[in-house]
Amino acid sequence: MTSWVPGADASLFGLDNLPYGVFSRDGGEPRVGVRIGDFVMDASAVAAYGGDPRDGPHLAAAWDHPSLNAFLALGRPAWDTARDWLVEVLGNEVHAERTAPHLHRVAEVSLHLPFQVADYVDFYCSLQHATNVGRMFRPDGDALTPNWRHLPIGYHGRAGTVVVSGTDVRRPTGQGRPGSDGGPPAFGPSRRLDIEAELGFVVGTPSTQGTSVSTGAYADHVFGVTPLNDWSARDIQAWEYVPLGPFLGKSFATSISPWVTPLAALDAARVPLPGQDPEPLPYLGVDGPAGYDIDVQIVLNGEVVSRPPYAAMYWSPAQMLAHLTINGASLRTGDLYASGTISGDEREQRGSFLELSWGGTQPFGSEGRTFLEDGDEVVLRATAAGVLGGRIALGEVAGKILPAG
Ligand code: CA
């Protein structure tokens with residue numbers, strides 16, 4: 001299965017990928033686009049031709065919006081119809097003549113936040129990450145808290161400060177721990193500014209308050225995946241987080257890719273979880289390959305400093321979703337839930353600077369970095385096996401640190 005779009009088959013954005021985003025050009029209205037090779041296809045403009053291929057007019061209305069939310073709300077049958085249609089339009093050369101005018105070079109358009117974020121939740125699903133953090137912060141106790149192997153731990157984040165890749169991040173100011181002599185808390189720009197390499201899962205189909213969503217209904221509700229950087233001010237976090245969890249140390253910014261990769265594009269990347277012991281409660285049970293083999297890279301100022309493996313994650317996205325709703329909390333179109341920092345067994349697989357520098361004591365990379373400095377740029381990349389036998393890329397997420405205001 002090949003595409004008539006020049007260069008698409010040899011890229012990581014071929015017919016087996018087809019992520020969605022929102023773009024504008026020449027100051028025009030933002031609208032839904034689909035990535036193919038180095039191009040973005042104006043989805044509603046092509047669908048508006050109507051007739052064959054299938055269901056074009058129906059989808060055109062949902063795509064003529066400045067966010068993905070209207071399309072996300074249509075649910076799994078429409079998402080699958082759309083994917084079949086896109087493969088036909090971009091794969092069958094009979095559609096080339098009328099479609100080509102609606103392809104625009106990605107480098108020549110503006111990319112926007114792809115969906116309006118409803119609620120944002122962040123989990124803590126990596127055994128290696130939780131163990132590393134536990135060892136650093138509780139050296140005399142158990143690395144894992146007693147609940148960790150029984151539920152995917154999470155907290156509610158701040159939806160309104162989720163930003164698209166390329167948005168600069170201003171160094172946050174806040175309180176930190178008092179000095180060892182007691183006295184007032186420290187106050188000023190964060191000196192331990194960090195990243196967390198994660199994947200974010202995007203909810204399309206809502207649920208009703210008072211009901212729960214089973215692990216088996218995951219693909220009915222979740223549309224797709226986006227790489228996510230959970231910027232974290234460790235000094236602010238360390239002073240504020242007991243007893244209610246992360247707050248201002250996280251809420252200043254969370255970056256996502258402009259591209260949301262449909263779950264269908266990741267079918268060949270599905271793998272079994274590494275193993276759960278003890279077996280979780282029945283509502284968290286999963287059948288078959290519930291994990292994903294996705295290779296992540298952390299790039300600091302152009303240098304790859306870590307390669308976190310998503311396949312190592314202890315809890316699956318279906319389990320996160322089931323846990324998120326087991327109390328009857330409802331889902332909304334545009335909900336975003338993140339995996340938590342992805343860390344593997346090796347040092348060069350750790351997903352945060354906190355772990356890479358072991359609490360700031362072991363500088364890493366050619367620049368000898370411990371935490372982020374002003375002007376640093378971090379890019380998260382991710383790739384996985386595609387359904388046609390090659391590789392696909394998830395969209396990058398980049399951000400640069402500005403000095404405190
Ligand atoms: Ca996180």
# chains A, B, ... in the order shown; residues from 1 in each chain; ligands from 1
call {"tool": "residues_near_ligand", "arguments": {"ligand": "ligand 1", "cutoff": "8 Å", "atoms": "only C-alpha atoms and all ligand atoms", "output": "list in words"}}
result
Asp122, Phe123, Tyr124, Glu196, Ala197, Glu198, Asn229, Asp230, Trp231, Ser232, Ala338, Ser339, Gly340 and Thr341 of chain A
call {"tool": "select_by_dssp", "arguments": {"residues": "range 56-212 of chain A", "states": "alpha helix (DSSP H)", "output": "count of residues only"}}
result
43
call {"tool": "residues_around", "arguments": {"residues": "Ser366 in chain A", "least_positions_apart": "6", "cutoff": "12 Å", "atoms": "only C-alpha atoms", "output": "PDB file with all heavy atoms, in the first residue's frame"}}
result
ATOM      1  N   VAL A 299      15.832  14.849  23.574  1.00  0.00           N
ATOM      2  CA  VAL A 299      16.889  15.580  22.889  1.00  0.00           C
ATOM      3  C   VAL A 299      17.070  16.924  23.588  1.00  0.00           C
ATOM      4  O   VAL A 299      16.144  17.742  23.650  1.00  0.00           O
ATOM      5  CB  VAL A 299      16.531  15.796  21.404  1.00  0.00           C
ATOM      6  CG1 VAL A 299      17.691  16.445  20.664  1.00  0.00           C
ATOM      7  CG2 VAL A 299      16.144  14.467  20.743  1.00  0.00           C
ATOM      8  N   LEU A 300      18.266  17.151  24.147  1.00  0.00           N
ATOM      9  CA  LEU A 300      18.586  18.400  24.845  1.00  0.00           C
ATOM     10  C   LEU A 300      19.560  19.193  23.991  1.00  0.00           C
ATOM     11  O   LEU A 300      20.684  18.731  23.743  1.00  0.00           O
ATOM     12  CB  LEU A 300      19.199  18.098  26.218  1.00  0.00           C
ATOM     13  CG  LEU A 300      19.798  19.303  26.959  1.00  0.00           C
ATOM     14  CD1 LEU A 300      18.719  20.342  27.294  1.00  0.00           C
ATOM     15  CD2 LEU A 300      20.511  18.850  28.237  1.00  0.00           C
ATOM     16  N   ASN A 301      19.138  20.351  23.525  1.00  0.00           N
ATOM     17  CA  ASN A 301      19.983  21.219  22.687  1.00  0.00           C
ATOM     18  C   ASN A 301      20.649  20.424  21.560  1.00  0.00           C
ATOM     19  O   ASN A 301      21.841  20.557  21.287  1.00  0.00           O
ATOM     20  CB  ASN A 301      21.034  21.928  23.557  1.00  0.00           C
ATOM     21  CG  ASN A 301      20.386  22.807  24.615  1.00  0.00           C
ATOM     22  OD1 ASN A 301      19.287  23.307  24.429  1.00  0.00           O
ATOM     23  ND2 ASN A 301      21.052  22.960  25.749  1.00  0.00           N
ATOM     24  N   GLY A 302      19.853  19.558  20.933  1.00  0.00           N
ATOM     25  CA  GLY A 302      20.313  18.817  19.768  1.00  0.00           C
ATOM     26  C   GLY A 302      20.987  17.493  20.071  1.00  0.00           C
ATOM     27  O   GLY A 302      21.302  16.740  19.144  1.00  0.00           O
ATOM     28  N   GLU A 303      21.196  17.169  21.332  1.00  0.00           N
ATOM     29  CA  GLU A 303      21.884  15.925  21.705  1.00  0.00           C
ATOM     30  C   GLU A 303      20.886  14.944  22.341  1.00  0.00           C
ATOM     31  O   GLU A 303      20.158  15.315  23.271  1.00  0.00           O
ATOM     32  CB  GLU A 303      22.994  16.242  22.725  1.00  0.00           C
ATOM     33  CG  GLU A 303      23.720  15.023  23.255  1.00  0.00           C
ATOM     34  CD  GLU A 303      24.700  15.374  24.393  1.00  0.00           C
ATOM     35  OE1 GLU A 303      24.695  16.547  24.848  1.00  0.00           O
ATOM     36  OE2 GLU A 303      25.452  14.478  24.810  1.00  0.00           O
ATOM     37  N   VAL A 304      20.868  13.706  21.843  1.00  0.00           N
ATOM     38  CA  VAL A 304      20.010  12.693  22.466  1.00  0.00           C
ATOM     39  C   VAL A 304      20.630  12.304  23.813  1.00  0.00           C
ATOM     40  O   VAL A 304      21.744  11.785  23.865  1.00  0.00           O
ATOM     41  CB  VAL A 304      19.875  11.442  21.571  1.00  0.00           C
ATOM     42  CG1 VAL A 304      19.025  10.384  22.268  1.00  0.00           C
ATOM     43  CG2 VAL A 304      19.257  11.811  20.225  1.00  0.00           C
ATOM     44  N   VAL A 305      19.922  12.591  24.904  1.00  0.00           N
ATOM     45  CA  VAL A 305      20.464  12.309  26.238  1.00  0.00           C
ATOM     46  C   VAL A 305      19.786  11.120  26.900  1.00  0.00           C
ATOM     47  O   VAL A 305      20.259  10.637  27.942  1.00  0.00           O
ATOM     48  CB  VAL A 305      20.387  13.541  27.165  1.00  0.00           C
ATOM     49  CG1 VAL A 305      21.311  14.649  26.661  1.00  0.00           C
ATOM     50  CG2 VAL A 305      18.955  14.045  27.301  1.00  0.00           C
TER      51      VAL A 305
END
call {"tool": "select_by_dssp", "arguments": {"residues": "range 107-256 of chain A", "states": "strand (DSSP E or B)", "output": "MDAnalysis selection string"}}
result
chainID A and resid 110:112 120:123 154:156 162:164 169:170 173:176 179 182 186:189 193:194 197:203 222:229 232:233 254:256
call {"tool": "closest_residue", "arguments": {"among": "A:Pro246, A:Gly328, A:Pro308, A:Gly275", "to": "Thr208 in chain A", "atoms": "only C-alpha atoms"}}
result
A:Gly328
call {"tool": "atom_distance", "arguments": {"atom1": "CA of Thr211 in chain A", "atom2": "CA of Gly334 in chain A"}}
result
18.4 Å
call {"tool": "atom_distance", "arguments": {"atom1": "CA of Pro282 in chain A", "atom2": "CA of Tyr155 in chain A"}}
result
22.2 Å
call {"tool": "atom_distance", "arguments": {"atom1": "CA of Asp16 in chain A", "atom2": "CA of Val87 in chain A"}}
result
8.3 Å
call {"tool": "residues_around", "arguments": {"residues": "Phe247 in chain A", "least_positions_apart": "6", "cutoff": "8 Å", "atoms": "only C-alpha atoms", "output": "list of chain:residue names"}}
result
A:Gly157, A:Gln237, A:Glu240, A:Tyr241
call {"tool": "write_last_selection", "arguments": {"atoms": "all heavy atoms", "output": "PDB file, in the first residue's frame"}}
result
ATOM      1  N   GLY A 157      -4.338  17.541  36.864  1.00  0.00           N
ATOM      2  CA  GLY A 157      -3.482  18.658  36.481  1.00  0.00           C
ATOM      3  C   GLY A 157      -4.308  19.837  35.991  1.00  0.00           C
ATOM      4  O   GLY A 157      -5.521  19.904  36.196  1.00  0.00           O
ATOM      5  N   GLN A 237       7.889  21.659  43.842  1.00  0.00           N
ATOM      6  CA  GLN A 237       7.156  20.410  44.083  1.00  0.00           C
ATOM      7  C   GLN A 237       7.516  19.802  45.441  1.00  0.00           C
ATOM      8  O   GLN A 237       6.639  19.376  46.201  1.00  0.00           O
ATOM      9  CB  GLN A 237       7.488  19.426  42.955  1.00  0.00           C
ATOM     10  CG  GLN A 237       6.751  18.097  43.022  1.00  0.00           C
ATOM     11  CD  GLN A 237       7.213  17.131  41.916  1.00  0.00           C
ATOM     12  OE1 GLN A 237       8.049  17.474  41.081  1.00  0.00           O
ATOM     13  NE2 GLN A 237       6.648  15.937  41.910  1.00  0.00           N
ATOM     14  N   GLU A 240       5.747  21.674  48.387  1.00  0.00           N
ATOM     15  CA  GLU A 240       4.282  21.827  48.394  1.00  0.00           C
ATOM     16  C   GLU A 240       3.519  20.511  48.384  1.00  0.00           C
ATOM     17  O   GLU A 240       2.341  20.495  48.673  1.00  0.00           O
ATOM     18  CB  GLU A 240       3.846  22.618  47.151  1.00  0.00           C
ATOM     19  CG  GLU A 240       3.966  21.793  45.868  1.00  0.00           C
ATOM     20  CD  GLU A 240       3.464  22.498  44.607  1.00  0.00           C
ATOM     21  OE1 GLU A 240       3.043  23.660  44.676  1.00  0.00           O
ATOM     22  OE2 GLU A 240       3.518  21.846  43.545  1.00  0.00           O
ATOM     23  N   TYR A 241       4.159  19.374  48.013  1.00  0.00           N
ATOM     24  CA  TYR A 241       3.344  18.226  47.572  1.00  0.00           C
ATOM     25  C   TYR A 241       2.783  17.363  48.696  1.00  0.00           C
ATOM     26  O   TYR A 241       1.881  16.549  48.442  1.00  0.00           O
ATOM     27  CB  TYR A 241       4.121  17.361  46.574  1.00  0.00           C
ATOM     28  CG  TYR A 241       5.014  16.297  47.153  1.00  0.00           C
ATOM     29  CD1 TYR A 241       4.678  14.946  47.061  1.00  0.00           C
ATOM     30  CD2 TYR A 241       6.203  16.635  47.783  1.00  0.00           C
ATOM     31  CE1 TYR A 241       5.499  13.963  47.575  1.00  0.00           C
ATOM     32  CE2 TYR A 241       7.030  15.650  48.299  1.00  0.00           C
ATOM     33  CZ  TYR A 241       6.670  14.322  48.197  1.00  0.00           C
ATOM     34  OH  TYR A 241       7.483  13.351  48.711  1.00  0.00           O
TER      35      TYR A 241
END
call {"tool": "residues_around", "arguments": {"residues": "Val225 in chain A", "least_positions_apart": "6", "cutoff": "8 Å", "atoms": "only C-alpha atoms", "output": "list in words"}}
result
Leu199, Gly200, Phe201, Val202, Val260, Thr261, Pro262 and Leu263 of chain A
call {"tool": "closest_residue", "arguments": {"among": "A:Leu151, A:Ile392, A:Ile342, A:Val286", "to": "Asp267 in chain A", "atoms": "only C-alpha atoms"}}
result
A:Ile392
